[in-house]
$ cat data-v1.csv   # CSV, C-alpha atoms
chain,number,residue,atom,x,y,z
A,20,MET,CA,-6.3,-21.2,-6.5
A,21,LYS,CA,-3.6,-23.0,-4.5
A,22,ILE,CA,-0.6,-22.3,-2.4
A,23,TYR,CA,2.7,-24.2,-2.9
A,24,GLU,CA,4.6,-24.3,0.4
A,25,LEU,CA,6.7,-26.3,2.8
A,26,ALA,CA,4.3,-26.3,5.8
A,27,ALA,CA,7.1,-26.3,8.4
A,28,ALA,CA,8.9,-23.3,6.9
A,29,PRO,CA,8.6,-19.9,8.7
A,30,SER,CA,7.3,-18.2,5.6
A,31,ALA,CA,4.6,-20.8,5.0
A,32,ARG,CA,3.6,-20.5,8.7
A,33,ARG,CA,3.2,-16.8,8.4
A,34,VAL,CA,0.7,-17.3,5.5
A,35,SER,CA,-1.1,-20.0,7.4
A,36,ILE,CA,-1.7,-17.9,10.5
A,37,PHE,CA,-2.7,-14.9,8.3
A,38,LEU,CA,-5.3,-16.9,6.4
A,39,ALA,CA,-6.7,-18.4,9.7
A,40,GLU,CA,-7.0,-14.9,11.1
A,41,LYS,CA,-8.9,-13.8,8.1
A,42,GLY,CA,-11.0,-17.0,8.0
A,43,ILE,CA,-9.9,-17.8,4.4
A,44,GLU,CA,-9.4,-21.4,3.2
A,45,VAL,CA,-7.0,-22.1,0.3
A,46,GLU,CA,-5.8,-25.4,-1.1
A,47,ARG,CA,-2.2,-26.1,-0.1
A,48,VAL,CA,0.4,-28.2,-2.0
A,49,ASN,CA,3.5,-29.3,-0.1
A,50,VAL,CA,6.7,-28.8,-2.0
A,51,ASP,CA,9.7,-31.0,-1.1
A,52,ILE,CA,12.4,-28.3,-0.6
A,53,ARG,CA,14.9,-30.5,1.0
A,54,GLY,CA,14.6,-33.0,-1.9
A,55,GLY,CA,15.2,-30.1,-4.3
A,56,GLU,CA,11.7,-30.3,-5.9
A,57,ASN,CA,11.6,-26.5,-5.9
A,58,LEU,CA,14.5,-26.5,-8.2
A,59,PHE,CA,12.8,-28.4,-10.8
A,60,ASP,CA,11.7,-26.7,-14.0
A,61,GLU,CA,8.0,-26.9,-13.4
A,62,PHE,CA,8.3,-25.1,-10.0
A,63,GLN,CA,10.8,-22.6,-11.3
A,64,ALA,CA,8.3,-21.5,-13.9
A,65,LYS,CA,5.8,-20.6,-11.1
A,66,SER,CA,8.3,-18.9,-8.8
A,67,ILE,CA,10.5,-15.9,-9.6
A,68,ASN,CA,13.4,-17.2,-7.4
A,69,GLY,CA,12.6,-20.9,-6.8
A,70,ARG,CA,11.4,-20.1,-3.3
A,71,ILE,CA,8.2,-21.0,-1.4
A,72,PRO,CA,5.4,-20.0,-0.7
A,73,VAL,CA,3.9,-19.3,-4.1
A,74,LEU,CA,0.2,-18.5,-4.6
A,75,GLU,CA,-1.2,-19.7,-8.0
A,76,LEU,CA,-4.4,-18.0,-9.1
A,77,ASN,CA,-7.0,-19.7,-11.2
A,78,ASP,CA,-5.7,-18.1,-14.4
A,79,GLY,CA,-2.2,-19.6,-13.7
A,80,SER,CA,-0.5,-16.3,-12.7
A,81,THR,CA,1.5,-16.5,-9.5
A,82,ILE,CA,2.5,-14.3,-6.6
A,83,CYS,CA,5.6,-15.1,-4.6
A,84,GLU,CA,6.7,-13.7,-1.2
A,85,SER,CA,4.7,-14.4,1.9
A,86,ILE,CA,3.9,-10.8,2.7
A,87,ALA,CA,2.8,-10.1,-0.9
A,88,ILE,CA,0.4,-13.2,-0.6
A,89,CYS,CA,-0.9,-11.9,2.7
A,90,ARG,CA,-1.5,-8.4,1.3
A,91,TYR,CA,-3.4,-9.9,-1.7
A,92,PHE,CA,-5.8,-11.7,0.6
A,93,ASP,CA,-6.1,-8.7,2.9
A,94,GLU,CA,-7.2,-6.5,0.0
A,95,MET,CA,-9.4,-9.2,-1.6
A,96,TYR,CA,-11.3,-9.7,1.6
A,97,PRO,CA,-11.7,-6.2,3.0
A,98,SER,CA,-14.7,-7.1,5.1
A,99,ALA,CA,-12.6,-9.2,7.4
A,100,PRO,CA,-10.5,-7.1,9.8
A,101,SER,CA,-7.4,-5.8,8.0
A,102,LEU,CA,-4.1,-7.1,9.4
A,103,PHE,CA,-2.2,-4.3,7.6
A,104,GLY,CA,-4.0,-1.4,9.4
A,105,ASP,CA,-7.0,0.8,8.4
A,106,THR,CA,-5.9,4.4,8.3
A,107,PRO,CA,-2.8,5.7,6.4
A,108,LEU,CA,-1.0,6.2,9.8
A,109,GLU,CA,-1.9,2.7,11.0
A,110,ARG,CA,-0.8,1.2,7.7
A,111,ALA,CA,2.5,3.0,7.9
A,112,ASN,CA,3.0,1.9,11.5
A,113,VAL,CA,2.2,-1.7,10.7
A,114,GLU,CA,4.6,-1.6,7.7
A,115,MET,CA,7.3,-0.1,9.8
A,116,TRP,CA,7.1,-2.7,12.6
A,117,GLN,CA,6.6,-5.6,10.1
A,118,ARG,CA,9.8,-4.5,8.4
A,119,VAL,CA,11.8,-3.9,11.6
A,120,VAL,CA,10.8,-7.3,12.9
A,121,GLU,CA,11.5,-9.0,9.6
A,122,PHE,CA,14.9,-7.4,8.8
A,123,GLN,CA,16.3,-7.3,12.4
A,124,GLY,CA,14.5,-10.4,13.7
A,125,LEU,CA,13.2,-13.1,11.4
A,126,TYR,CA,15.5,-12.6,8.4
A,127,THR,CA,18.6,-12.2,10.5
A,128,ALA,CA,17.6,-15.3,12.5
A,129,MET,CA,17.2,-17.2,9.2
A,130,GLN,CA,20.6,-16.0,8.0
A,131,ALA,CA,22.1,-17.2,11.3
A,132,PHE,CA,20.4,-20.6,11.0
A,133,ARG,CA,21.4,-21.1,7.3
A,134,ASN,CA,25.0,-20.2,7.9
A,135,ILE,CA,25.5,-22.1,11.2
A,136,SER,CA,23.6,-25.3,10.6
A,137,GLY,CA,25.0,-25.8,7.1
A,138,ILE,CA,21.7,-27.6,6.1
A,139,TYR,CA,21.8,-25.7,2.8
A,140,LYS,CA,25.5,-26.0,2.1
A,141,ASP,CA,24.9,-28.3,-0.9
A,142,ARG,CA,23.2,-25.3,-2.6
A,143,GLU,CA,24.8,-22.1,-1.1
A,144,ASN,CA,28.0,-21.0,0.4
A,145,CYS,CA,27.8,-20.8,4.1
A,146,VAL,CA,29.9,-18.4,6.2
A,147,GLU,CA,29.7,-19.7,9.7
A,148,SER,CA,31.2,-16.6,11.3
A,149,TRP,CA,28.4,-14.5,9.7
A,150,GLY,CA,25.9,-17.0,11.2
A,151,HIS,CA,27.2,-16.3,14.7
A,152,GLU,CA,27.3,-12.6,14.1
A,153,SER,CA,23.7,-12.7,12.9
A,154,ARG,CA,22.6,-14.8,15.9
A,155,GLN,CA,24.2,-12.1,18.2
A,156,ARG,CA,22.3,-9.4,16.3
A,157,VAL,CA,19.0,-11.2,17.0
A,158,VAL,CA,19.8,-11.3,20.7
A,159,GLU,CA,20.6,-7.5,20.6
A,160,PHE,CA,17.3,-6.8,18.8
A,161,LEU,CA,15.1,-8.4,21.5
A,162,PRO,CA,15.2,-5.4,23.9
A,163,THR,CA,13.7,-3.2,21.2
A,164,LEU,CA,10.8,-5.5,20.9
A,165,ASP,CA,10.4,-5.8,24.7
A,166,LYS,CA,10.4,-2.0,25.1
A,167,GLN,CA,7.7,-1.7,22.4
A,168,LEU,CA,5.5,-4.3,24.1
A,169,ALA,CA,5.9,-2.6,27.4
A,170,ASN,CA,3.9,0.3,25.9
A,171,SER,CA,1.4,-1.4,23.6
A,172,ALA,CA,-0.7,-4.6,23.6
A,173,TYR,CA,0.5,-5.7,20.2
A,174,ILE,CA,3.7,-5.0,18.1
A,175,ALA,CA,2.3,-2.1,16.1
A,176,GLY,CA,-0.3,-0.8,18.6
A,177,ASP,CA,-3.5,-1.9,20.2
A,178,LYS,CA,-4.6,-4.1,17.3
A,179,PHE,CA,-3.2,-7.5,16.3
A,180,SER,CA,-1.5,-7.1,12.9
A,181,VAL,CA,0.7,-8.9,10.4
A,182,ALA,CA,3.7,-7.5,12.4
A,183,ASP,CA,2.6,-9.8,15.3
A,184,ILE,CA,2.5,-12.8,13.0
A,185,THR,CA,6.1,-12.1,11.8
A,186,ALA,CA,7.3,-11.6,15.4
A,187,PHE,CA,5.5,-14.7,16.7
A,188,VAL,CA,7.0,-16.9,14.0
A,189,MET,CA,10.4,-15.3,14.8
A,190,CYS,CA,10.1,-16.1,18.5
A,191,GLY,CA,9.4,-19.7,17.6
A,192,PHE,CA,12.1,-19.9,15.1
A,193,ILE,CA,14.9,-18.6,17.3
A,194,ASN,CA,14.6,-21.8,19.4
A,195,ASN,CA,16.7,-23.3,16.6
A,196,LEU,CA,19.5,-20.9,17.6
A,197,ASP,CA,19.2,-21.7,21.3
A,198,ILE,CA,17.7,-18.3,22.0
A,199,THR,CA,14.8,-18.3,24.5
A,200,ILE,CA,12.5,-15.5,25.5
A,201,ASP,CA,13.2,-15.7,29.2
A,202,GLU,CA,12.4,-13.4,32.1
A,203,MET,CA,14.8,-10.8,30.8
A,204,PHE,CA,11.9,-10.0,28.4
A,205,PRO,CA,8.8,-10.0,30.5
A,206,HIS,CA,6.7,-8.0,27.9
A,207,ILE,CA,7.6,-10.3,25.1
A,208,GLN,CA,6.7,-13.3,27.3
A,209,ASP,CA,3.3,-11.8,28.2
A,210,TRP,CA,2.5,-11.0,24.5
A,211,TYR,CA,3.7,-14.4,23.3
A,212,GLU,CA,1.5,-16.1,25.8
A,213,ARG,CA,-1.5,-14.1,24.6
A,214,VAL,CA,-0.8,-14.7,20.9
A,215,SER,CA,-0.3,-18.4,21.6
A,216,GLN,CA,-4.0,-18.5,22.7
A,217,ARG,CA,-5.3,-17.4,19.4
A,218,PRO,CA,-7.0,-20.1,17.4
A,219,SER,CA,-5.1,-19.1,14.3
A,220,VAL,CA,-1.7,-20.2,15.7
A,221,GLN,CA,-3.1,-23.3,17.3
A,222,ALA,CA,-4.3,-24.8,14.0
B,21,MET,CA,6.2,17.6,9.3
B,22,LYS,CA,9.9,16.8,8.5
B,23,ILE,CA,12.1,14.0,7.4
B,24,TYR,CA,15.4,13.3,9.1
B,25,GLU,CA,17.8,11.7,6.7
B,26,LEU,CA,21.3,11.4,5.3
B,27,ALA,CA,20.7,12.6,1.7
B,28,ALA,CA,23.3,10.4,0.1
B,29,ALA,CA,22.1,7.2,1.7
B,30,PRO,CA,20.2,4.7,-0.5
B,31,SER,CA,17.2,4.7,1.8
B,32,ALA,CA,16.9,8.5,1.8
B,33,ARG,CA,17.2,8.5,-2.0
B,34,ARG,CA,14.3,6.1,-2.3
B,35,VAL,CA,12.1,8.5,-0.3
B,36,SER,CA,13.3,11.5,-2.3
B,37,ILE,CA,12.5,9.9,-5.6
B,38,PHE,CA,9.1,8.7,-4.3
B,39,LEU,CA,8.1,12.1,-3.1
B,40,ALA,CA,9.2,13.7,-6.3
B,41,GLU,CA,7.1,11.2,-8.3
B,42,LYS,CA,4.1,12.0,-6.1
B,43,GLY,CA,4.8,15.8,-6.3
B,44,ILE,CA,5.0,16.1,-2.5
B,45,GLU,CA,7.3,18.5,-0.7
B,46,VAL,CA,8.5,17.9,2.8
B,47,GLU,CA,11.1,19.6,4.9
B,48,ARG,CA,14.3,17.6,5.2
B,49,VAL,CA,16.8,17.6,8.0
B,50,ASN,CA,20.2,16.1,7.4
B,51,VAL,CA,21.5,13.8,10.2
B,52,ASP,CA,25.3,13.3,10.4
B,53,ILE,CA,25.4,9.5,10.5
B,54,ARG,CA,29.1,9.2,10.0
B,55,GLY,CA,29.7,11.6,12.9
B,56,GLY,CA,27.4,9.4,15.1
B,57,GLU,CA,24.7,12.1,15.5
B,58,ASN,CA,22.0,9.4,14.9
B,59,LEU,CA,23.3,7.6,18.1
B,60,PHE,CA,22.6,10.6,20.3
B,61,ASP,CA,19.7,10.5,22.7
B,62,GLU,CA,17.5,13.0,20.9
B,63,PHE,CA,17.6,11.1,17.7
B,64,GLN,CA,17.3,7.7,19.4
B,65,ALA,CA,14.0,9.0,20.9
B,66,LYS,CA,12.7,9.6,17.4
B,67,SER,CA,13.9,6.4,15.7
B,68,ILE,CA,13.1,2.8,16.8
B,69,ASN,CA,16.5,1.6,15.8
B,70,GLY,CA,18.6,4.7,15.5
B,71,ARG,CA,18.4,4.5,11.7
B,72,ILE,CA,17.4,7.0,9.0
B,73,PRO,CA,15.2,8.1,7.4
B,74,VAL,CA,12.6,9.1,10.0
B,75,LEU,CA,9.4,11.0,9.2
B,76,GLU,CA,8.3,13.2,12.1
B,77,LEU,CA,4.6,14.2,12.0
B,78,ASN,CA,3.3,17.5,13.4
B,79,ASP,CA,2.1,15.8,16.6
B,80,GLY,CA,5.7,14.6,17.2
B,81,SER,CA,4.9,10.9,16.4
B,82,THR,CA,7.4,9.3,14.0
B,83,ILE,CA,7.6,6.7,11.3
B,84,CYS,CA,10.8,4.9,10.5
B,85,GLU,CA,11.7,2.7,7.5
B,86,SER,CA,11.8,4.2,4.0
B,87,ILE,CA,9.0,2.0,2.5
B,88,ALA,CA,6.7,2.7,5.5
B,89,ILE,CA,7.3,6.4,4.9
B,90,CYS,CA,6.5,6.0,1.2
B,91,ARG,CA,3.4,4.0,1.9
B,92,TYR,CA,2.2,6.7,4.3
B,93,PHE,CA,2.4,9.4,1.6
B,94,ASP,CA,1.0,7.1,-1.0
B,95,GLU,CA,-2.2,6.6,1.1
B,96,MET,CA,-2.4,10.2,2.3
B,97,TYR,CA,-2.3,11.5,-1.3
B,98,PRO,CA,-4.5,8.9,-3.2
B,99,SER,CA,-5.3,11.5,-5.9
B,100,ALA,CA,-1.7,11.3,-7.3
B,101,PRO,CA,-0.9,8.0,-9.1
B,102,SER,CA,-0.3,5.2,-6.6
B,103,LEU,CA,3.2,3.8,-6.7
B,104,PHE,CA,2.1,0.7,-4.8
B,105,GLY,CA,-0.5,-0.4,-7.4
B,106,ASP,CA,-4.3,0.1,-7.7
B,107,THR,CA,-6.0,-3.3,-7.7
B,108,PRO,CA,-5.4,-6.1,-5.1
B,109,LEU,CA,-3.5,-8.1,-7.7
B,110,GLU,CA,-1.4,-5.0,-8.8
B,111,ARG,CA,-0.6,-4.3,-5.1
B,112,ALA,CA,0.5,-7.9,-4.5
B,113,ASN,CA,2.6,-7.8,-7.6
B,114,VAL,CA,4.3,-4.5,-6.6
B,115,GLU,CA,4.9,-5.8,-3.1
B,116,MET,CA,6.4,-9.1,-4.5
B,117,TRP,CA,8.8,-7.3,-6.7
B,118,GLN,CA,9.6,-4.6,-4.2
B,119,ARG,CA,10.5,-7.3,-1.7
B,120,VAL,CA,12.5,-9.5,-4.2
B,121,VAL,CA,14.5,-6.5,-5.4
B,122,GLU,CA,15.1,-5.3,-1.8
B,123,PHE,CA,16.1,-8.7,-0.2
B,124,GLN,CA,18.1,-10.1,-3.1
B,125,GLY,CA,19.3,-6.8,-4.5
B,126,LEU,CA,19.6,-3.7,-2.5
B,127,TYR,CA,19.8,-5.2,1.0
B,128,THR,CA,22.3,-7.8,-0.1
B,129,ALA,CA,24.4,-5.2,-1.8
B,130,MET,CA,24.4,-3.1,1.4
B,131,GLN,CA,25.5,-6.1,3.4
B,132,ALA,CA,28.3,-6.6,0.9
B,133,PHE,CA,29.3,-3.0,1.1
B,134,ARG,CA,29.2,-2.8,4.9
B,135,ASN,CA,31.2,-6.0,5.4
B,136,ILE,CA,33.8,-5.4,2.7
B,137,SER,CA,34.4,-1.6,3.1
B,138,GLY,CA,34.7,-1.7,6.8
B,139,ILE,CA,33.4,1.8,7.0
B,140,TYR,CA,31.1,0.9,9.9
B,141,LYS,CA,33.7,-1.3,11.7
B,142,ASP,CA,33.8,1.1,14.6
B,143,ARG,CA,30.1,0.3,15.4
B,144,GLU,CA,29.5,-3.3,14.1
B,145,ASN,CA,31.4,-6.5,13.5
B,146,CYS,CA,32.3,-6.9,9.9
B,147,VAL,CA,32.7,-10.3,8.3
B,148,GLU,CA,34.6,-9.8,5.0
B,149,SER,CA,33.9,-13.2,3.6
B,150,TRP,CA,30.2,-12.6,4.0
B,151,GLY,CA,30.6,-9.4,2.2
B,152,HIS,CA,32.2,-11.2,-0.8
B,153,GLU,CA,29.5,-13.9,-0.7
B,154,SER,CA,26.8,-11.2,-0.7
B,155,ARG,CA,28.4,-9.4,-3.6
B,156,GLN,CA,28.4,-12.6,-5.6
B,157,ARG,CA,24.7,-13.1,-4.8
B,158,VAL,CA,23.9,-9.7,-6.1
B,159,VAL,CA,25.7,-10.6,-9.4
B,160,GLU,CA,23.6,-13.8,-9.5
B,161,PHE,CA,20.4,-11.9,-9.0
B,162,LEU,CA,20.8,-9.6,-12.0
B,163,PRO,CA,19.6,-12.2,-14.6
B,164,THR,CA,16.3,-12.5,-12.7
B,165,LEU,CA,15.8,-8.8,-13.1
B,166,ASP,CA,16.9,-8.8,-16.8
B,167,LYS,CA,14.5,-11.6,-17.6
B,168,GLN,CA,11.6,-9.7,-16.0
B,169,LEU,CA,12.4,-6.5,-17.9
B,170,ALA,CA,12.5,-8.5,-21.1
B,171,ASN,CA,8.8,-9.0,-20.6
B,172,SER,CA,7.5,-5.8,-19.1
B,173,ALA,CA,8.3,-2.1,-19.3
B,174,TYR,CA,8.8,-1.7,-15.6
B,175,ILE,CA,9.8,-4.1,-12.8
B,176,ALA,CA,6.3,-4.9,-11.6
B,177,GLY,CA,4.4,-4.6,-14.9
B,178,ASP,CA,3.5,-1.8,-17.3
B,179,LYS,CA,3.4,0.9,-14.7
B,180,PHE,CA,6.2,2.6,-12.9
B,181,SER,CA,6.1,1.6,-9.2
B,182,VAL,CA,8.0,1.7,-5.9
B,183,ALA,CA,9.7,-1.5,-7.0
B,184,ASP,CA,11.4,0.5,-9.8
B,185,ILE,CA,12.6,3.0,-7.3
B,186,THR,CA,14.2,0.3,-5.2
B,187,ALA,CA,15.8,-1.3,-8.3
B,188,PHE,CA,17.0,2.0,-9.6
B,189,VAL,CA,18.7,2.9,-6.3
B,190,MET,CA,20.2,-0.6,-6.2
B,191,CYS,CA,21.6,-0.3,-9.7
B,192,GLY,CA,23.4,3.0,-8.7
B,193,PHE,CA,24.6,1.6,-5.4
B,194,ILE,CA,26.3,-1.5,-6.8
B,195,ASN,CA,28.8,0.7,-8.5
B,196,ASN,CA,30.4,0.8,-5.0
B,197,LEU,CA,30.9,-3.0,-5.4
B,198,ASP,CA,32.4,-2.6,-8.9
B,199,ILE,CA,29.4,-4.2,-10.4
B,200,THR,CA,28.2,-2.6,-13.6
B,201,ILE,CA,25.1,-3.2,-15.6
B,202,ASP,CA,26.8,-4.1,-18.9
B,203,GLU,CA,25.6,-5.5,-22.2
B,204,MET,CA,25.1,-8.9,-20.5
B,205,PHE,CA,21.9,-7.2,-19.2
B,206,PRO,CA,20.4,-5.4,-22.2
B,207,HIS,CA,16.9,-5.1,-20.7
B,208,ILE,CA,18.1,-3.7,-17.4
B,209,GLN,CA,20.2,-1.2,-19.4
B,210,ASP,CA,17.2,-0.1,-21.5
B,211,TRP,CA,15.0,0.3,-18.4
B,212,TYR,CA,17.8,2.1,-16.5
B,213,GLU,CA,18.2,4.6,-19.3
B,214,ARG,CA,14.4,5.2,-19.4
B,215,VAL,CA,14.1,5.7,-15.6
B,216,SER,CA,17.2,8.0,-15.7
B,217,GLN,CA,15.1,10.4,-17.8
B,218,ARG,CA,12.4,10.9,-15.2
B,219,PRO,CA,12.5,14.3,-13.5
B,220,SER,CA,12.1,12.6,-10.1
B,221,VAL,CA,15.5,11.0,-10.3
B,222,GLN,CA,17.3,14.0,-11.8
B,223,ALA,CA,16.4,16.2,-8.8
$ encode --input "data-v1.csv" --output "structure tokens"
Amino acid sequence: MKIYELAAAPSARRVSIFLAEKGIEVERVNVDIRGGENLFDEFQAKSINGRIPVLELNDGSTICESIAICRYFDEMYPSAPSLFGDTPLERANVEMWQRVVEFQGLYTAMQAFRNISGIYKDRENCVESWGHESRQRVVEFLPTLDKQLANSAYIAGDKFSVADITAFVMCGFINNLDITIDEMFPHIQDWYERVSQRPSVQA
Amino acid sequence: MKIYELAAAPSARRVSIFLAEKGIEVERVNVDIRGGENLFDEFQAKSINGRIPVLELNDGSTICESIAICRYFDEMYPSAPSLFGDTPLERANVEMWQRVVEFQGLYTAMQAFRNISGIYKDRENCVESWGHESRQRVVEFLPTLDKQLANSAYIAGDKFSVADITAFVMCGFINNLDITIDEMFPHIQDWYERVSQRPSVQA
């Protein structure tokens, strides 16, 4: 079993923190995205859409998408604490926040970065004005997160979950957009400081 | 227990088909999105981000996000066939395809529609060139779906799953973008025809 990834990418970071939280070790293979290695035939055969990370099982079958990989390990190792919640209501709540943080936060921030920075313009059309609009939407999303963290210790309630991992990675990534979590967002600041202490994110 | 929704919206349709597949009946309340009712204080208190659908439980707590609502019902009614998969590998596979179809298909199509049609321009900035780029990306995604359906009866394998619901709603929605599933995509056509026969989508 091994994971193909680009270690610095937000999606790979999400999987890394998740595995560290669960105490699971998996062989990692770095894929040179910038050099286009993920576009080569061999990698394309492993990945539905040529994207990383990809988990390859011992029988050669593969699972793409960071959250699908996390869920696989969560269910394969049920004895470690679940990061997707335990009861149906907890699991729905984690899914809700994971999705809200991903769609309005991390994914929107990545759209901003891809369209503003132009780093990927050799392989996709960039629309800079959409990049700036996306950046603005990330800024407008932060109060929602701050309000939630005023009422609960973690994003989806009183337990650390995969939604915290997505939000933590997002808060780091938005530095690329010159967005900082300042004193306007005291509850995000407090939560970020607490999550930063976890061994899983310091690895 | 009740669901606040706009019946014609893709997200509400996903929940409707899901509940019909599971054989669950829930009271539905229509929310006038176009009229801005979802922006009113009472609704804002129920929804994290002012969006529909929202499931309100009997104790007044709420769950937003269509897939989170679906997962709640899937886990509350485990005796009905799971639409998220049964084994860890099945569940990872369903999650992978559900995400791929949502991010590259339905969500991208909705971004295309929102930015091209201008219907929401009274409440968000529209970037028409991003709309056209998004439309093109949906077109470029369809071969991935056709290739998968050449090898399996349903999107995530040999069982109908929530990934099929997302893909089915997407295939209907892209008519708004003048994209049709034509003979270029024979496997999508065959699958669409089969799914169209299900009582859950005819309701």
$ interface_residues --input "data-v1.csv" --of "chain B" --to "chain A" --cutoff "7 Å" --atoms "all atoms listed in the file" --output "ChimeraX atom specification"
/B:83-85,88-89,91-92,95-96,108-109,112-113,115-116,147,150
$ atom_distance --input "data-v1.csv" --atom1 "atom CA of Asp61 of chain B" --atom2 "atom CA of Leu161 of chain A"
19.5 Å
$ closest_residue --input "data-v1.csv" --among "A:Leu74, A:Ala31, A:Leu38, A:Val120" --to "Pro100 of chain A" --atoms "all atoms listed in the file"
A:Leu38
$ atom_distance --input "data-v1.csv" --atom1 "atom CA of Ala40 of chain B" --atom2 "atom CA of Glu76 of chain B"
18.4 Å
$ atom_distance --input "data-v1.csv" --atom1 "atom CA of Gln222 of chain B" --atom2 "atom CA of Val46 of chain B"
17.5 Å
$ closest_residue --input "data-v1.csv" --among "B:Val215, B:Val49, B:Val35, B:Ala170" --to "Ile23 of chain B" --atoms "only C-alpha atoms"
B:Val49
$ residues_around --input "data-v1.csv" --residues "segment 192-202 of chain B" --least-positions-apart "3" --cutoff "12 Å" --atoms "all atoms listed in the file" --output "ChimeraX atom specification"
/B:28-31,33-34,125-137,151-163,165-166,185-189,205-213,215-216,221
$ write_last_selection --input "data-v1.csv" --atoms "C-alpha atoms" --output "PDB file, keeping the file's coordinate frame"
ATOM      1  CA  ALA B  28      23.300  10.400   0.100  1.00  0.00           C
ATOM      2  CA  ALA B  29      22.100   7.200   1.700  1.00  0.00           C
ATOM      3  CA  PRO B  30      20.200   4.700  -0.500  1.00  0.00           C
ATOM      4  CA  SER B  31      17.200   4.700   1.800  1.00  0.00           C
ATOM      5  CA  ARG B  33      17.200   8.500  -2.000  1.00  0.00           C
ATOM      6  CA  ARG B  34      14.300   6.100  -2.300  1.00  0.00           C
ATOM      7  CA  GLY B 125      19.300  -6.800  -4.500  1.00  0.00           C
ATOM      8  CA  LEU B 126      19.600  -3.700  -2.500  1.00  0.00           C
ATOM      9  CA  TYR B 127      19.800  -5.200   1.000  1.00  0.00           C
ATOM     10  CA  THR B 128      22.300  -7.800  -0.100  1.00  0.00           C
ATOM     11  CA  ALA B 129      24.400  -5.200  -1.800  1.00  0.00           C
ATOM     12  CA  MET B 130      24.400  -3.100   1.400  1.00  0.00           C
ATOM     13  CA  GLN B 131      25.500  -6.100   3.400  1.00  0.00           C
ATOM     14  CA  ALA B 132      28.300  -6.600   0.900  1.00  0.00           C
ATOM     15  CA  PHE B 133      29.300  -3.000   1.100  1.00  0.00           C
ATOM     16  CA  ARG B 134      29.200  -2.800   4.900  1.00  0.00           C
ATOM     17  CA  ASN B 135      31.200  -6.000   5.400  1.00  0.00           C
ATOM     18  CA  ILE B 136      33.800  -5.400   2.700  1.00  0.00           C
ATOM     19  CA  SER B 137      34.400  -1.600   3.100  1.00  0.00           C
ATOM     20  CA  GLY B 151      30.600  -9.400   2.200  1.00  0.00           C
ATOM     21  CA  HIS B 152      32.200 -11.200  -0.800  1.00  0.00           C
ATOM     22  CA  GLU B 153      29.500 -13.900  -0.700  1.00  0.00           C
ATOM     23  CA  SER B 154      26.800 -11.200  -0.700  1.00  0.00           C
ATOM     24  CA  ARG B 155      28.400  -9.400  -3.600  1.00  0.00           C
ATOM     25  CA  GLN B 156      28.400 -12.600  -5.600  1.00  0.00           C
ATOM     26  CA  ARG B 157      24.700 -13.100  -4.800  1.00  0.00           C
ATOM     27  CA  VAL B 158      23.900  -9.700  -6.100  1.00  0.00           C
ATOM     28  CA  VAL B 159      25.700 -10.600  -9.400  1.00  0.00           C
ATOM     29  CA  GLU B 160      23.600 -13.800  -9.500  1.00  0.00           C
ATOM     30  CA  PHE B 161      20.400 -11.900  -9.000  1.00  0.00           C
ATOM     31  CA  LEU B 162      20.800  -9.600 -12.000  1.00  0.00           C
ATOM     32  CA  PRO B 163      19.600 -12.200 -14.600  1.00  0.00           C
ATOM     33  CA  LEU B 165      15.800  -8.800 -13.100  1.00  0.00           C
ATOM     34  CA  ASP B 166      16.900  -8.800 -16.800  1.00  0.00           C
ATOM     35  CA  ILE B 185      12.600   3.000  -7.300  1.00  0.00           C
ATOM     36  CA  THR B 186      14.200   0.300  -5.200  1.00  0.00           C
ATOM     37  CA  ALA B 187      15.800  -1.300  -8.300  1.00  0.00           C
ATOM     38  CA  PHE B 188      17.000   2.000  -9.600  1.00  0.00           C
ATOM     39  CA  VAL B 189      18.700   2.900  -6.300  1.00  0.00           C
ATOM     40  CA  PHE B 205      21.900  -7.200 -19.200  1.00  0.00           C
ATOM     41  CA  PRO B 206      20.400  -5.400 -22.200  1.00  0.00           C
ATOM     42  CA  HIS B 207      16.900  -5.100 -20.700  1.00  0.00           C
ATOM     43  CA  ILE B 208      18.100  -3.700 -17.400  1.00  0.00           C
ATOM     44  CA  GLN B 209      20.200  -1.200 -19.400  1.00  0.00           C
ATOM     45  CA  ASP B 210      17.200  -0.100 -21.500  1.00  0.00           C
ATOM     46  CA  TRP B 211      15.000   0.300 -18.400  1.00  0.00           C
ATOM     47  CA  TYR B 212      17.800   2.100 -16.500  1.00  0.00           C
ATOM     48  CA  GLU B 213      18.200   4.600 -19.300  1.00  0.00           C
ATOM     49  CA  VAL B 215      14.100   5.700 -15.600  1.00  0.00           C
ATOM     50  CA  SER B 216      17.200   8.000 -15.700  1.00  0.00           C
ATOM     51  CA  VAL B 221      15.500  11.000 -10.300  1.00  0.00           C
TER      52      VAL B 221
END
$ closest_residue --input "data-v1.csv" --among "B:Lys22, B:Arg218, B:Lys179, B:Lys141" --to "Asp79 of chain B" --atoms "all atoms listed in the file"
B:Lys22
$ residues_near_point --input "data-v1.csv" --point "(2.6, -25.0, 0.1)" --cutoff "7 Å" --atoms "all atoms listed in the file" --output "ChimeraX atom specification"
/A:22-26,31,47-50,72
$ write_last_selection --input "data-v1.csv" --atoms "C-alpha atoms" --output "short mmCIF file (atom, residue, chain, number, x, y, z; two decimals), keeping the file's coordinate frame"
data_model
loop_
_atom_site.label_atom_id
_atom_site.label_comp_id
_atom_site.auth_asym_id
_atom_site.auth_seq_id
_atom_site.Cartn_x
_atom_site.Cartn_y
_atom_site.Cartn_z
CA ILE A 22 -0.60 -22.30 -2.40
CA TYR A 23 2.70 -24.20 -2.90
CA GLU A 24 4.60 -24.30 0.40
CA LEU A 25 6.70 -26.30 2.80
CA ALA A 26 4.30 -26.30 5.80
CA ALA A 31 4.60 -20.80 5.00
CA ARG A 47 -2.20 -26.10 -0.10
CA VAL A 48 0.40 -28.20 -2.00
CA ASN A 49 3.50 -29.30 -0.10
CA VAL A 50 6.70 -28.80 -2.00
CA PRO A 72 5.40 -20.00 -0.70
#
